[in-house]
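*Asks:* Sharing a structure, written as C-alpha cells. Questions coming.
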Amino acid sequence: MRSVWYKPCPGEFQAARFEVAMKPSVCLFAHTHTIKKLYRGLLITALLISAGAIALDLGAIQLFGFMLLTGAVGAGYGLLPGLLTALSLTALDLWLNHPPVASSPWVLLALGAAALVGGGVRKTLQQQQQTSQLAWLSHTLQALLAANHREQLLTAIPRLLEPLGVQVGVWWLQHRELRLHYISDPGETTTLEQVAIQAHAQGAAVYGRCGQPLHNCAAIPLYERNRMAAVVSLKRRQAFGPPAQDYLEQLAQAASSRLTSIAEQAEAHLMHQLSTALVAADSVTVLAERALALLTSALGVQHGIILQQQGSRMRILARLDVKQPPDDCWQAHISDSQGLFWTVYRTGQPIFIEQLEQKTSIQSMVVHPIGVSNRPRARVLLGLAHPEPHPWLPCTQDLLAMACRSIGLALEGAIARQRLERVLELSHKAALEDSESLYQQVLTSAVELIPGAEAGSLLVRQGERFHFQAVVGYDLESLQGLSFSEQDHLKWYGQHPAGWYAGEPRILSSEQASIQEHSASSSAGQAVAHTRRIQSNLAVPVLYQGRVLALLNLDNFHDPQAFGSDSLEVARFFATPVAALLHQAHTRQSLAEAALSDPLTGLANRRAFNKFFDEELARSRRYQQAFALLVLDLQGFKAINDQLGHASGDEALVQVARALRKTSRKSDGLFRLGGDEFAAILSRTTADRAIQVAQRYAKAIQAIQIEGMALGVNIGLAVYPQDGTSKETLLRLADQRMYAAKAQRISILGQEGSISYKTLSLAIP
C-alpha cells in the first residue's frame with residue numbers, strides 16, 4: 001500500500017522503539033483472526049463428517065462427527081449453545097435409528113461431554129484474549145510514550161491500526177479547520193475527509209457505511225487538554241464491531257493523554273529554559289535576545305524579531321535570522337501603520353498566518369503580543385516567520401501564549417530597572433549640569449520611558465506663572481514667549497482640582513473631546529497651533545511638598561488610546577523623584593539668579609547682561625533675526641543723590657527699574673550695569689521698533705519725580721546686524737551714541753543709513 005506523508009517528523013525519530021512497541025498488537029490481532037478461522041473450519045469439518053456418516057450409515061464416524069460439531073459450537077458460542085446442540089443431535093440420532101437402540105443414552109452423554117469440553121475451551125480462550133488485550137494496551141501505551149513529539153505520535157497511530165486492515169487518514173485541526181497530515185491512499189482522501197469532518201462536527205467518534213457498497217468507515221477525534229487536536233479516519237470492508245470500537249476508543253484515549261503530556265512537557269521545558277536564561281539578563285536588550293533565541297530554537301523557525309513600540313515607530317529590541325533572507329522580511333509589516341504589527345499593537349490579539357499572500361522571503365508568520373493581557377495597547381511584540389507555508393497548531397499557539405506571558409513579566413522587571421537607573425543617572429547629573437540641560441534630560445527620559453509618549457513639553461513654575469523650559473517634538477523658540485497661570489493649567493488638567501494638587505496624572509484623548517478646543521478654552525488660544533496634531537495627552541503635575549513645581553505634558557500624534565493604565569503607573573513612579581530633582585534645580589537656579597541680579601532693583605546685573613547678550617547674538621545668527629541693544633544713562637540722578645541723600649537715590653533707581661519693566665515685553669532683557677547706567681536687549685526687534693521702545697522708556701523715566709526733582713535719560717541704540725555683527729561693535733556703537741546724545745542734550749540717538757544720525761525731540765530736564 002502506497003503512503004503519502006504531508007509533513008515530515010522533526011527531531012529524533014526512535015524507529016526501533018516504535019517497531020518493538022507495535023509488534024504485540026500485530027500478534028494479538030493475528031492470533032484473534034486465526035482462532036476465528038479455526039472455529040469456522042471446525043464447524044464446516046464437523047458438518048461434512050456428520051453428513052457423510054449419515055449418508056453412508058457409518059455409525060461410529062457419525063458419532064465422532066456429532067461430537068466434533070457439538071464441541072465446535074461449545075467452543076465458539078458457549079456452553080449452553082453446545083448443550084442444546086448435544087440434545088438436538090441426540091434427537092437426530094434417535095430419529096435416524098428408529099426404533100431406538102440401547103446405545104442412545106451413551107450418545108447423549110458423549111455429546112454432552114463434548115459440549116462441556118467446548119465450553120471450557122471457549123472460557124480458556126476468552127481469558128487468553130483478555131490477557132492479550134491487556135498486553136496490547138500496555139504495548140500501545142509503550143508505543144505512544146515513545147513519541148517525544150506530536151508528529152511522532154501521529155506517525156505511530158497508522159502503524160498501530162495496520163492489524164485492522166484499514167486505510168487511514170490523519171487530520172490536524174487548525175483554526176477550526178481540518179488540515180491533512182497523513183493519508184495511506186491518496187485516492188481515498190475525499191471519503192476519509194468526509195467522515196473526519198463528521199466526527200469534528202459531532203465532537204465524538206463516528207462509525208458507519210461510506211464510499212462504495214459494503215465499505216465501512218470510522219473516525220475518532222484526538223484531544224489535547226480537552227480540546228480537539230486531530231481526527232483519525234479509517235475505511236475497510238468489514239464493519240467496525242464492538243471489539244474494534246473498543247480498540248479504537250482505547251487508542252484515542254491513550255493518544256489524547258499522550259498529546260496532552262507532550263504539550264505539558266514542552267511547555268515545562270521551555271518555561272524552565274526561559275526562567276533560567278532570563279533571570280540572569282542584565283538589560284532589556286540582552287533579555288530580548290535570549291528569549292528570541294530560545295523561542296526560535298524550540299519552535300524550529302528561521303526568523304524572529306522582538307519590537308518595542310515608541311510613539312509612531314517600532315524599536316527593534318532583538319532580531320535573529322538562522323539564514324539571512326535576501327530582503328528585509330520584516331520592514332513592510334513594521335512600517336505600514338495598518339500592517340500586522342500595528343494591528344496587534346492596537347488589538348492585543350495574536351495573528352497567525354499559515355501562508356502569506358505576498359511572495360516574499362517569508363511565507364508563514366505569527367505576530368504575538370508580549371506581556372500581560374489587561375493593557376490597552378501591546379507595547380512589546382514578537383514576530384516569528386518561516387520561509388515556507390507552515391501550520392501554527394493549537395498546541396504551538398498555547399505554548400507561544402505562555403512563553404510570551406513569561407517573557408512579558410521578565411521584560412517588565414527589566415524595564416522597571418531601566419527606569420530606576422535613568423532616575424539615578426538624572427540625580428547624578430542634577431548636581432553637575434545647569435537647570436536648562438537638566439530640564440531637557442528629564443523630559444527626554446519621560447518621553448522614552450513612559451508608554452505611549454512620542455513628544456512632550458515641560459513647563460516650570462517661575463513665580464506665579466509656568467514657562468516652557470524643554471520640549472521634544474516642538475520648537476522651543478516659538479514657545480518661550482508663552483506663559484500660563486495655575487488657573488490656566490487647572491482648566492487644561494480638566495479634572496477635579498484635588499487631583500492636580502495631589503499630583504495625579506490625567507489622560508486626555510481626542511476620542512473624548514477636541515484637544516485643540518480644550519487647549520483654546522484653557523489658555524486663551526495661546527498654544528492652540530501647537531496642540532493641533534495631538535491625539536492623546538498625558539498631563540503630570542510635578543508636586544513637591546504640596547506645591548506644583550512643574551507640569552509635564554506627554555503627547556501622542558497618532559493614537560487616541562496611546563496612554564493607558566501602564567502609562568499612569570510609570571508616570572506616578574517618574575513624577576516623585578523628578579519633583580525632588582526639579583526642586584533641587586529650582587533652588588540652584590534661584591541661587592544662580594541671585595548671583596546674576598542687582599539686589600537693589602531686582603534687575604539682572606552686568607554678569608547676566610554679558611551672558612544674555614552672548615545667547616541672543618548666537619540665537620539671532622542662527623535664525624537670521626534682528627535684535628536691538630539700548631544703553632541708558634540717567635540724567636538728574638547725581639543731583640537727587642547729592643541733595644536728597646543716598647536713600648532717595650536708591651528710591652530713584654528702584655522706580656526707574658519699575659518703569660522699565662512696565663513698558664517692556666516679557667522676552668526683553670533689562671539690566672542695571674552699575675551706578676545710574678542701564679541696558680536693554682530687545683529680541684526679534686528692528687531699528688524702527690527699537691526707537692519706539694526707546695521713546696516709551698524715555699517718557700516713562702521722565703515721568704519719575706523724587707521729592708519734586710525730575711529724572712531724564714540719554715539712550716544710545718545699536719541694531720544687529722545692520723550696525724554690526726559682533727558684541728564689541730554693537731556695545732561700542734551704543735555707548736558712543738549714548739554719549740553723543742548726552743552731549744547734544746537729546747534723549748535718543750540712533751543710526752539712520754550708515755553715516756547720519758536721527759535725533760528725537762524729547763527734552764531733557
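Every chain in the C-alpha cells has a letter given in the order shown (A, B, ...), and although residue numbers restart at 1 in each chain, ligands are simply numbered from 1 in the order shown.
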Check region 267-392 of chain A with DSSP on the backbone and list each residue it calls strand (DSSP E), as a PyMOL selection string.
*Replies:* chain A and resi 303-310+313-321+351-353+364-370+380-386
*Asks:* For region 386-390 of chain A, work out the shell of residues within 9 Å, counting only C-alpha atoms and skipping chain neighbours fewer than 4 positions away, then give it as a count of residues only.
*Replies:* 15
*Asks:* Just how far from CA of Leu482 (chain A) is CA of Pro451 (chain A), in Å to one decimal?
*Replies:*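 Atom-to-atom, CA of Pro451 (chain A) and CA of Leu482 (chain A) are spaced 27.8 Å apart.
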*Asks:* Determine, counting only C-alpha atoms, which protein, DNA and RNA residues have an atom within 9 Å of an atom of Ile704 (chain A); residues of the same chain fewer than 6 positions away are not included. Present the result as a ChimeraX atom specification.
*Replies:* /A:652,655-656,659,710-712
*Asks:* Excluding Lys429 (chain A) and its own-chain neighbours fewer than 6 positions away, which residues fall within 10 Å of it when counting only C-alpha atoms? Please give them as a PyMOL selection string.
*Replies:* chain A and resi 423+437-438+441+581
*Asks:* Tell me which protein, DNA and RNA residues are within 8 Å of region 411-418 of chain A, counting only C-alpha atoms, leaving out same-chain ones fewer than 6 positions away, and put them as number ranges by chain.
*Replies:* A: 282-284, 287-288, 371
*Asks:* I'd like the contact shell of Gly724 (chain A) - 12 Å cut-off, only C-alpha atoms, skipping same-chain residues fewer than 6 positions apart - returned as a ChimeraX atom specification.
*Replies:* /A:617,621,626-629,717-718,730-734,751,754
*Asks:* Pick out each residue of region 300-357 of chain A that DSSP on the backbone tags as alpha helix (DSSP H); I need them as a PDB file with all heavy atoms, in the first residue's frame.
*Replies:*
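This is the output file result17.pdb:
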```
ATOM      1  N   GLN A 331      10.323  44.598   7.242  1.00  0.00           N
ATOM      2  CA  GLN A 331      10.138  46.035   7.092  1.00  0.00           C
ATOM      3  C   GLN A 331       8.721  46.413   6.676  1.00  0.00           C
ATOM      4  O   GLN A 331       8.116  47.335   7.226  1.00  0.00           O
ATOM      5  CB  GLN A 331      11.153  46.583   6.073  1.00  0.00           C
ATOM      6  CG  GLN A 331      11.144  48.105   5.960  1.00  0.00           C
ATOM      7  CD  GLN A 331      11.417  48.799   7.287  1.00  0.00           C
ATOM      8  OE1 GLN A 331      12.231  48.338   8.083  1.00  0.00           O
ATOM      9  NE2 GLN A 331      10.728  49.896   7.543  1.00  0.00           N
ATOM     10  N   ALA A 332       8.183  45.712   5.676  1.00  0.00           N
ATOM     11  CA  ALA A 332       6.850  46.070   5.172  1.00  0.00           C
ATOM     12  C   ALA A 332       5.788  45.919   6.255  1.00  0.00           C
ATOM     13  O   ALA A 332       4.851  46.726   6.335  1.00  0.00           O
ATOM     14  CB  ALA A 332       6.500  45.202   3.962  1.00  0.00           C
ATOM     15  N   HIS A 333       5.916  44.921   7.103  1.00  0.00           N
ATOM     16  CA  HIS A 333       4.919  44.677   8.140  1.00  0.00           C
ATOM     17  C   HIS A 333       5.087  45.629   9.324  1.00  0.00           C
ATOM     18  O   HIS A 333       4.149  45.830  10.088  1.00  0.00           O
ATOM     19  CB  HIS A 333       5.023  43.231   8.618  1.00  0.00           C
ATOM     20  CG  HIS A 333       4.888  42.213   7.516  1.00  0.00           C
ATOM     21  ND1 HIS A 333       3.684  41.931   6.905  1.00  0.00           N
ATOM     22  CD2 HIS A 333       5.820  41.445   6.894  1.00  0.00           C
ATOM     23  CE1 HIS A 333       3.871  41.009   5.979  1.00  0.00           C
ATOM     24  NE2 HIS A 333       5.148  40.702   5.949  1.00  0.00           N
ATOM     25  N   ILE A 334       6.290  46.208   9.478  1.00  0.00           N
ATOM     26  CA  ILE A 334       6.539  47.133  10.586  1.00  0.00           C
ATOM     27  C   ILE A 334       6.195  48.568  10.198  1.00  0.00           C
ATOM     28  O   ILE A 334       5.575  49.303  10.974  1.00  0.00           O
ATOM     29  CB  ILE A 334       8.016  47.043  11.034  1.00  0.00           C
ATOM     30  CG1 ILE A 334       8.322  45.642  11.577  1.00  0.00           C
ATOM     31  CG2 ILE A 334       8.338  48.108  12.079  1.00  0.00           C
ATOM     32  CD1 ILE A 334       9.790  45.415  11.882  1.00  0.00           C
ATOM     33  N   SER A 335       6.594  48.983   9.009  1.00  0.00           N
ATOM     34  CA  SER A 335       6.439  50.383   8.607  1.00  0.00           C
ATOM     35  C   SER A 335       4.994  50.745   8.291  1.00  0.00           C
ATOM     36  O   SER A 335       4.582  51.893   8.476  1.00  0.00           O
ATOM     37  CB  SER A 335       7.321  50.676   7.393  1.00  0.00           C
ATOM     38  OG  SER A 335       6.998  49.804   6.313  1.00  0.00           O
ATOM     39  N   LEU A 340       0.599  44.140  10.114  1.00  0.00           N
ATOM     40  CA  LEU A 340       0.316  43.141  11.142  1.00  0.00           C
ATOM     41  C   LEU A 340       0.766  43.598  12.530  1.00  0.00           C
ATOM     42  O   LEU A 340       0.042  43.414  13.519  1.00  0.00           O
ATOM     43  CB  LEU A 340       1.013  41.825  10.773  1.00  0.00           C
ATOM     44  CG  LEU A 340       0.521  41.133   9.495  1.00  0.00           C
ATOM     45  CD1 LEU A 340       1.331  39.868   9.233  1.00  0.00           C
ATOM     46  CD2 LEU A 340      -0.954  40.800   9.599  1.00  0.00           C
ATOM     47  N   PHE A 341       1.962  44.181  12.626  1.00  0.00           N
ATOM     48  CA  PHE A 341       2.475  44.567  13.940  1.00  0.00           C
ATOM     49  C   PHE A 341       1.626  45.664  14.572  1.00  0.00           C
ATOM     50  O   PHE A 341       1.324  45.597  15.769  1.00  0.00           O
ATOM     51  CB  PHE A 341       3.937  45.010  13.826  1.00  0.00           C
ATOM     52  CG  PHE A 341       4.892  43.870  13.677  1.00  0.00           C
ATOM     53  CD1 PHE A 341       5.277  43.426  12.424  1.00  0.00           C
ATOM     54  CD2 PHE A 341       5.389  43.216  14.785  1.00  0.00           C
ATOM     55  CE1 PHE A 341       6.154  42.361  12.275  1.00  0.00           C
ATOM     56  CE2 PHE A 341       6.268  42.150  14.660  1.00  0.00           C
ATOM     57  CZ  PHE A 341       6.643  41.721  13.399  1.00  0.00           C
ATOM     58  N   TRP A 342       1.243  46.665  13.797  1.00  0.00           N
ATOM     59  CA  TRP A 342       0.424  47.749  14.354  1.00  0.00           C
ATOM     60  C   TRP A 342      -0.995  47.276  14.651  1.00  0.00           C
ATOM     61  O   TRP A 342      -1.642  47.771  15.577  1.00  0.00           O
ATOM     62  CB  TRP A 342       0.410  48.949  13.404  1.00  0.00           C
ATOM     63  CG  TRP A 342       1.715  49.670  13.407  1.00  0.00           C
ATOM     64  CD1 TRP A 342       2.685  49.635  12.458  1.00  0.00           C
ATOM     65  CD2 TRP A 342       2.215  50.537  14.440  1.00  0.00           C
ATOM     66  NE1 TRP A 342       3.762  50.412  12.821  1.00  0.00           N
ATOM     67  CE2 TRP A 342       3.499  50.981  14.029  1.00  0.00           C
ATOM     68  CE3 TRP A 342       1.714  50.972  15.656  1.00  0.00           C
ATOM     69  CZ2 TRP A 342       4.274  51.841  14.804  1.00  0.00           C
ATOM     70  CZ3 TRP A 342       2.489  51.832  16.435  1.00  0.00           C
ATOM     71  CH2 TRP A 342       3.748  52.253  16.002  1.00  0.00           C
ATOM     72  N   THR A 343      -1.481  46.295  13.893  1.00  0.00           N
ATOM     73  CA  THR A 343      -2.801  45.733  14.187  1.00  0.00           C
ATOM     74  C   THR A 343      -2.782  45.011  15.530  1.00  0.00           C
ATOM     75  O   THR A 343      -3.687  45.184  16.364  1.00  0.00           O
ATOM     76  CB  THR A 343      -3.225  44.763  13.070  1.00  0.00           C
ATOM     77  OG1 THR A 343      -3.289  45.468  11.831  1.00  0.00           O
ATOM     78  CG2 THR A 343      -4.589  44.155  13.373  1.00  0.00           C
ATOM     79  N   VAL A 344      -1.756  44.208  15.767  1.00  0.00           N
ATOM     80  CA  VAL A 344      -1.637  43.504  17.052  1.00  0.00           C
ATOM     81  C   VAL A 344      -1.393  44.511  18.175  1.00  0.00           C
ATOM     82  O   VAL A 344      -1.903  44.341  19.294  1.00  0.00           O
ATOM     83  CB  VAL A 344      -0.512  42.457  16.984  1.00  0.00           C
ATOM     84  CG1 VAL A 344      -0.285  41.813  18.340  1.00  0.00           C
ATOM     85  CG2 VAL A 344      -0.854  41.394  15.945  1.00  0.00           C
ATOM     86  N   TYR A 345      -0.636  45.571  17.899  1.00  0.00           N
ATOM     87  CA  TYR A 345      -0.419  46.634  18.902  1.00  0.00           C
ATOM     88  C   TYR A 345      -1.755  47.225  19.358  1.00  0.00           C
ATOM     89  O   TYR A 345      -1.968  47.461  20.551  1.00  0.00           O
ATOM     90  CB  TYR A 345       0.468  47.722  18.298  1.00  0.00           C
ATOM     91  CG  TYR A 345       0.345  49.076  18.957  1.00  0.00           C
ATOM     92  CD1 TYR A 345       0.933  49.334  20.191  1.00  0.00           C
ATOM     93  CD2 TYR A 345      -0.377  50.106  18.348  1.00  0.00           C
ATOM     94  CE1 TYR A 345       0.810  50.571  20.796  1.00  0.00           C
ATOM     95  CE2 TYR A 345      -0.506  51.350  18.947  1.00  0.00           C
ATOM     96  CZ  TYR A 345       0.090  51.575  20.173  1.00  0.00           C
ATOM     97  OH  TYR A 345      -0.051  52.799  20.768  1.00  0.00           O
ATOM     98  N   ARG A 346      -2.659  47.450  18.398  1.00  0.00           N
ATOM     99  CA  ARG A 346      -3.942  48.068  18.748  1.00  0.00           C
ATOM    100  C   ARG A 346      -4.913  47.085  19.388  1.00  0.00           C
ATOM    101  O   ARG A 346      -5.639  47.443  20.321  1.00  0.00           O
ATOM    102  CB  ARG A 346      -4.581  48.683  17.505  1.00  0.00           C
ATOM    103  CG  ARG A 346      -3.899  49.962  17.034  1.00  0.00           C
ATOM    104  CD  ARG A 346      -4.685  50.621  15.912  1.00  0.00           C
ATOM    105  NE  ARG A 346      -4.613  49.831  14.679  1.00  0.00           N
ATOM    106  CZ  ARG A 346      -3.700  50.014  13.737  1.00  0.00           C
ATOM    107  NH1 ARG A 346      -2.775  50.956  13.887  1.00  0.00           N
ATOM    108  NH2 ARG A 346      -3.699  49.272  12.653  1.00  0.00           N
ATOM    109  N   THR A 347      -4.974  45.856  18.891  1.00  0.00           N
ATOM    110  CA  THR A 347      -5.975  44.899  19.369  1.00  0.00           C
ATOM    111  C   THR A 347      -5.499  44.057  20.544  1.00  0.00           C
ATOM    112  O   THR A 347      -6.316  43.581  21.339  1.00  0.00           O
ATOM    113  CB  THR A 347      -6.381  43.952  18.233  1.00  0.00           C
ATOM    114  OG1 THR A 347      -5.241  43.172  17.827  1.00  0.00           O
ATOM    115  CG2 THR A 347      -6.895  44.744  17.039  1.00  0.00           C
TER     116      THR A 347
END
```
